[in-house]
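Report on the following structure.
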Amino acid sequence: MYDPTPLLDNLNPEQLRAVTLPPESALILAGAGSGKTRVLTTRIAWLLQTSQVGSGGILAVTFTNKAAKEMMLRLQAMLPVNVRGMWIGTFHGLCNRFLRAHCKMAHLPQTFQILDTQDQLSAIKRLCKQHGVDDERFPPKQLQWFIAGCKEDGLRPKDVDVRDDETRRKVEIYQLYEDQCQREGVVDFGELMLRSYELLRDNEVIRMHYRARFKHVLIDEFQDTNKLQYAWIKMIAGLPTEHGNAVLAVGDDDQSIYAFRGARVGNMADFVREFGVQHQIKLEQNYRSYSNILDSANALIGNNKNRLGKNLRTDQGAGEPVRVYESTSDFAEAQWLVDEIRQLVKGDGFTRKEVAVLYRSNAQSRVMETALFNAGVPYKVYGGLRFFERAEIKHALAYLRILENPNDDTSFLRIVNFPPRGIGARSVERAKRAPSWPVLWP
């Protein structure tokens, strides 16, 4: 038995309360920079070292692979046990793991492949061309959004409320897309969630197995969960009326910015009601910013309605005053940016590597980069194409996928003419009509 008390060192009172909560469902309102990742990982370590649960009895859901990896590394440093086998990951990553284990019952091949966003769009375009869909009336991108939105709401084609001819046609295309994916043995991200939820919903043996296993379910960034993800949580954890398990939801309604992706901040209020939450803890001590920034943020956020409410504070002092600059155009803004950087470097003695520029969307970077380039200010852009989104990597993966699954049309069409083999569009169309499509060369 290891002494768990060192885990609690250097926690502030609110963090300590959150880490040592009894085995009941609870909501942690964690403000920006308040140490929520530390609370989550320490909570898991606390449960393990006080023998309240074994490593196989914890399910922890994060929103990014990076966050999941960081949590694993922290736990590895905290615990004298191997945590690699624990169920810690994103919703999609955990659902992938779940479906691999139950692929037959989920009516999927063991080697099913996952379509990323671009591959999904390519599959929809191919489908529209095959069935003569007017891509001006029904743009593939909009069809992709429609299908994703339906899945995020847990709706199969037969469940969609059809009120007009346009929706009816979209539902028909949705069904064709479903049939195509099933035929090729591929799933998109939305399908990972939806099929996992349906399997838990429709198979009591599997549902009760996982409820008996995962006594503690921890959800990070709860404010960004959508309708289907929340339904999945209820299915795998169980409600109190079903003698469900302890769910620790960590989130911040003030940071809910993904409504356009289907996120539903109302899940937090529903969680409190449906899980009979008695413990709500606010993490308000900020370790990232100075008080001038926090005071400005608190004043702005205070105007929001229907928020659960908290007020961030810090012990780091006031810091520099917050300045607001309103430019007449994006070009004027970029020039102001260049002037500010010059002042910081030449006038105030900062090095260029100490200066960072944040912008809301990639579309804004072009004007800024042009101004920096023309002014001779060296810079580096972070957050470009991800490794697995690079063309050469996607080509390599497509070759591996087609070797594993010859029915994967999307992968075949990606590599059939790469590197160039002189195979034209007409030849590909002719091959697609062949009984043995896809036709693999020797």
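Just so we're on the same page: first chain in the structure tokens is A, next is B, and so on; residues restart at 1 for each chain, and ligands are numbered from 1 in the order they show up.
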Please run DSSP on the backbone and report, as number ranges by chain, all residues within range 63-311 of chain A that come out as helix (DSSP H, G or I). A: 65-78, 91-101, 117-130, 140-152, 157-159, 165-184, 189-202, 204-213, 222-224, 227-237, 240-242, 253-255, 259-261, 266-274, 291-301
Give me, as an MDAnalysis selection string, all polymer residues having an atom no more than 10 Å from Phe63 in chain A, counting only C-alpha atoms and skipping those fewer than 3 positions away in the same chain. chainID A and resid 66:68 89:93 219:222 224:225
Residues near Glu204 in chain A, cut-off 12 Å, only C-alpha atoms, skip fewer than 5 positions along chain, as a PDB file with N, CA and C atoms, in the first residue's frame:
```pdb
ATOM      1  N   GLU A 198     -25.545   2.915 -30.175  1.00  0.00           N
ATOM      2  CA  GLU A 198     -26.614   1.978 -30.526  1.00  0.00           C
ATOM      3  C   GLU A 198     -26.335   0.584 -29.991  1.00  0.00           C
ATOM      4  N   LEU A 199     -25.080   0.164 -30.026  1.00  0.00           N
ATOM      5  CA  LEU A 199     -24.736  -1.161 -29.515  1.00  0.00           C
ATOM      6  C   LEU A 199     -24.951  -1.239 -28.005  1.00  0.00           C
ATOM      7  N   HIS A 209     -22.177  -5.107 -18.844  1.00  0.00           N
ATOM      8  CA  HIS A 209     -20.765  -5.448 -18.658  1.00  0.00           C
ATOM      9  C   HIS A 209     -19.926  -4.194 -18.406  1.00  0.00           C
ATOM     10  N   TYR A 210     -20.133  -3.161 -19.247  1.00  0.00           N
ATOM     11  CA  TYR A 210     -19.323  -1.953 -19.102  1.00  0.00           C
ATOM     12  C   TYR A 210     -19.748  -1.128 -17.886  1.00  0.00           C
ATOM     13  N   ARG A 211     -21.003  -1.165 -17.542  1.00  0.00           N
ATOM     14  CA  ARG A 211     -21.426  -0.472 -16.319  1.00  0.00           C
ATOM     15  C   ARG A 211     -20.829  -1.134 -15.081  1.00  0.00           C
ATOM     16  N   ALA A 212     -20.719  -2.458 -15.127  1.00  0.00           N
ATOM     17  CA  ALA A 212     -20.102  -3.165 -13.993  1.00  0.00           C
ATOM     18  C   ALA A 212     -18.604  -2.916 -13.941  1.00  0.00           C
ATOM     19  N   MET A 235     -25.545   6.108 -21.226  1.00  0.00           N
ATOM     20  CA  MET A 235     -25.688   4.690 -21.538  1.00  0.00           C
ATOM     21  C   MET A 235     -24.583   3.863 -20.890  1.00  0.00           C
ATOM     22  N   ILE A 236     -23.365   4.368 -20.898  1.00  0.00           N
ATOM     23  CA  ILE A 236     -22.242   3.574 -20.386  1.00  0.00           C
ATOM     24  C   ILE A 236     -22.088   3.701 -18.876  1.00  0.00           C
ATOM     25  N   GLY A 238     -24.874   4.868 -16.723  1.00  0.00           N
ATOM     26  CA  GLY A 238     -26.136   4.593 -16.050  1.00  0.00           C
ATOM     27  C   GLY A 238     -26.556   5.740 -15.145  1.00  0.00           C
TER      28      GLY A 238
END
```
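Here the strand (DSSP E or B) residues in range 59-157 of chain A, by DSSP on the backbone, are Leu59, Ala60, Val61, Thr62, Trp87, Ile88, Gly89, Thr90, Gln113, Ile114 and Leu115 of chain A.
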Those residues you just picked out, can you put them in a file as a short mmCIF file (atom, residue, chain, number, x, y, z; two decimals), in the first residue's frame with C-alpha atoms?
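Result saved to selection_37.cif:
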```cif
data_model
loop_
_atom_site.label_atom_id
_atom_site.label_comp_id
_atom_site.auth_asym_id
_atom_site.auth_seq_id
_atom_site.Cartn_x
_atom_site.Cartn_y
_atom_site.Cartn_z
CA LEU A 59 -12.98 5.55 -17.95
CA ALA A 60 -11.59 9.03 -18.67
CA VAL A 61 -12.70 11.00 -21.72
CA THR A 62 -10.75 13.96 -23.10
CA TRP A 87 -9.33 3.52 -20.95
CA ILE A 88 -8.23 7.13 -21.37
CA GLY A 89 -8.82 8.91 -24.65
CA THR A 90 -11.13 10.96 -26.82
CA GLN A 113 -11.24 1.82 -41.68
CA ILE A 114 -12.02 5.34 -40.45
CA LEU A 115 -12.71 8.15 -42.90
#
```
Compile the contact shell of Gly35 in chain A as number ranges by chain: residues with an atom at most 12 Å away, counting only C-alpha atoms, same-chain residues fewer than 3 positions apart removed. A: 10-12, 14-16, 18-19, 28-32, 38-42, 250-251, 282-288
Export of prior selection with N, CA and C atoms as a PDB file, in the first residue's frame:
```pdb
ATOM      1  N   ASN A  10       0.281  20.726  -2.347  1.00  0.00           N
ATOM      2  CA  ASN A  10       0.228  21.888  -3.242  1.00  0.00           C
ATOM      3  C   ASN A  10      -1.098  22.056  -3.979  1.00  0.00           C
ATOM      4  N   LEU A  11      -2.134  21.372  -3.538  1.00  0.00           N
ATOM      5  CA  LEU A  11      -3.464  21.624  -4.092  1.00  0.00           C
ATOM      6  C   LEU A  11      -4.114  22.754  -3.312  1.00  0.00           C
ATOM      7  N   ASN A  12      -4.816  23.652  -4.014  1.00  0.00           N
ATOM      8  CA  ASN A  12      -5.536  24.684  -3.276  1.00  0.00           C
ATOM      9  C   ASN A  12      -6.831  24.073  -2.702  1.00  0.00           C
ATOM     10  N   GLU A  14     -10.058  24.359  -3.181  1.00  0.00           N
ATOM     11  CA  GLU A  14     -11.073  23.882  -4.129  1.00  0.00           C
ATOM     12  C   GLU A  14     -10.588  22.634  -4.870  1.00  0.00           C
ATOM     13  N   GLN A  15      -9.332  22.618  -5.284  1.00  0.00           N
ATOM     14  CA  GLN A  15      -8.783  21.447  -5.954  1.00  0.00           C
ATOM     15  C   GLN A  15      -8.791  20.238  -5.026  1.00  0.00           C
ATOM     16  N   LEU A  16      -8.453  20.462  -3.773  1.00  0.00           N
ATOM     17  CA  LEU A  16      -8.438  19.373  -2.793  1.00  0.00           C
ATOM     18  C   LEU A  16      -9.831  18.770  -2.632  1.00  0.00           C
ATOM     19  N   ALA A  18     -12.212  18.751  -4.820  1.00  0.00           N
ATOM     20  CA  ALA A  18     -12.565  18.035  -6.048  1.00  0.00           C
ATOM     21  C   ALA A  18     -11.877  16.676  -6.116  1.00  0.00           C
ATOM     22  N   VAL A  19     -10.606  16.635  -5.741  1.00  0.00           N
ATOM     23  CA  VAL A  19      -9.841  15.385  -5.815  1.00  0.00           C
ATOM     24  C   VAL A  19     -10.365  14.346  -4.831  1.00  0.00           C
ATOM     25  N   ILE A  28     -17.555  19.798 -11.745  1.00  0.00           N
ATOM     26  CA  ILE A  28     -16.465  20.708 -11.428  1.00  0.00           C
ATOM     27  C   ILE A  28     -16.479  21.833 -12.456  1.00  0.00           C
ATOM     28  N   LEU A  29     -16.774  23.061 -12.001  1.00  0.00           N
ATOM     29  CA  LEU A  29     -16.724  24.222 -12.888  1.00  0.00           C
ATOM     30  C   LEU A  29     -15.306  24.763 -12.854  1.00  0.00           C
ATOM     31  N   ALA A  30     -14.559  24.489 -13.909  1.00  0.00           N
ATOM     32  CA  ALA A  30     -13.130  24.804 -13.922  1.00  0.00           C
ATOM     33  C   ALA A  30     -12.866  25.967 -14.858  1.00  0.00           C
ATOM     34  N   GLY A  31     -12.544  27.115 -14.308  1.00  0.00           N
ATOM     35  CA  GLY A  31     -12.220  28.285 -15.115  1.00  0.00           C
ATOM     36  C   GLY A  31     -10.914  28.100 -15.859  1.00  0.00           C
ATOM     37  N   ALA A  32     -10.668  28.963 -16.835  1.00  0.00           N
ATOM     38  CA  ALA A  32      -9.441  28.897 -17.620  1.00  0.00           C
ATOM     39  C   ALA A  32      -8.218  29.024 -16.715  1.00  0.00           C
ATOM     40  N   ARG A  38      -4.756  18.946 -13.833  1.00  0.00           N
ATOM     41  CA  ARG A  38      -4.133  18.452 -12.612  1.00  0.00           C
ATOM     42  C   ARG A  38      -5.166  17.810 -11.689  1.00  0.00           C
ATOM     43  N   VAL A  39      -6.340  18.423 -11.606  1.00  0.00           N
ATOM     44  CA  VAL A  39      -7.401  17.880 -10.758  1.00  0.00           C
ATOM     45  C   VAL A  39      -7.849  16.521 -11.279  1.00  0.00           C
ATOM     46  N   LEU A  40      -8.051  16.422 -12.594  1.00  0.00           N
ATOM     47  CA  LEU A  40      -8.505  15.160 -13.174  1.00  0.00           C
ATOM     48  C   LEU A  40      -7.504  14.031 -12.948  1.00  0.00           C
ATOM     49  N   THR A  41      -6.246  14.292 -13.254  1.00  0.00           N
ATOM     50  CA  THR A  41      -5.236  13.246 -13.109  1.00  0.00           C
ATOM     51  C   THR A  41      -5.017  12.894 -11.647  1.00  0.00           C
ATOM     52  N   THR A  42      -5.028  13.886 -10.765  1.00  0.00           N
ATOM     53  CA  THR A  42      -4.839  13.612  -9.343  1.00  0.00           C
ATOM     54  C   THR A  42      -6.033  12.852  -8.785  1.00  0.00           C
ATOM     55  N   VAL A 250     -16.158  17.674 -15.751  1.00  0.00           N
ATOM     56  CA  VAL A 250     -15.335  18.861 -15.574  1.00  0.00           C
ATOM     57  C   VAL A 250     -15.513  19.752 -16.803  1.00  0.00           C
ATOM     58  N   GLY A 251     -15.918  20.992 -16.573  1.00  0.00           N
ATOM     59  CA  GLY A 251     -16.142  21.870 -17.718  1.00  0.00           C
ATOM     60  C   GLY A 251     -16.297  23.310 -17.298  1.00  0.00           C
ATOM     61  N   LYS A 282     -16.345  24.942  -7.722  1.00  0.00           N
ATOM     62  CA  LYS A 282     -15.829  25.938  -8.656  1.00  0.00           C
ATOM     63  C   LYS A 282     -14.322  26.109  -8.455  1.00  0.00           C
ATOM     64  N   LEU A 283     -13.570  25.911  -9.520  1.00  0.00           N
ATOM     65  CA  LEU A 283     -12.126  26.183  -9.493  1.00  0.00           C
ATOM     66  C   LEU A 283     -11.928  27.586 -10.042  1.00  0.00           C
ATOM     67  N   GLU A 284     -11.703  28.546  -9.160  1.00  0.00           N
ATOM     68  CA  GLU A 284     -11.651  29.949  -9.557  1.00  0.00           C
ATOM     69  C   GLU A 284     -10.256  30.563  -9.436  1.00  0.00           C
ATOM     70  N   GLN A 285      -9.309  29.817  -8.869  1.00  0.00           N
ATOM     71  CA  GLN A 285      -7.943  30.324  -8.744  1.00  0.00           C
ATOM     72  C   GLN A 285      -7.215  30.132 -10.066  1.00  0.00           C
ATOM     73  N   ASN A 286      -6.851  31.227 -10.714  1.00  0.00           N
ATOM     74  CA  ASN A 286      -6.199  31.170 -12.018  1.00  0.00           C
ATOM     75  C   ASN A 286      -4.681  31.252 -11.853  1.00  0.00           C
ATOM     76  N   TYR A 287      -3.950  30.395 -12.567  1.00  0.00           N
ATOM     77  CA  TYR A 287      -2.495  30.346 -12.475  1.00  0.00           C
ATOM     78  C   TYR A 287      -1.823  30.783 -13.769  1.00  0.00           C
ATOM     79  N   ARG A 288      -2.597  31.330 -14.699  1.00  0.00           N
ATOM     80  CA  ARG A 288      -2.077  31.610 -16.032  1.00  0.00           C
ATOM     81  C   ARG A 288      -1.960  33.098 -16.334  1.00  0.00           C
TER      82      ARG A 288
END
```
In terms of the shortest atom-to-atom distance over only C-alpha atoms, which of A:Asn292, A:Asn96, A:Leu239, A:Asp119 is closest to Leu413 in chain A? A:Asp119
d(CA of Gln280 in chain A, CA of Ala26 in chain A) in Å: 6.0 Å
At a cut-off of 12 Å, using only C-alpha atoms, what residues contact Glu178 in chain A? Leave out same-chain residues fewer than 3 positions from it and give the result as a count of residues only. 26
What's the separation between CA of Leu21 in chain A and CA of Pro80 in chain A, in Å to one decimal place?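 Interatomic distance here is 22.4 Å.
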Give the answer as one residue: which of A:Arg307, A:Pro139, A:Val277, A:Ile293 has the shortest atom-to-atom distance to Val265 in chain A, using only C-alpha atoms? A:Arg307
For range 319-326 of chain A, work out the shell of residues within 9 Å, counting only C-alpha atoms and skipping chain neighbours fewer than 2 positions away, then give it as a ChimeraX atom specification. /A:289-293,296,316-317,328-329,333
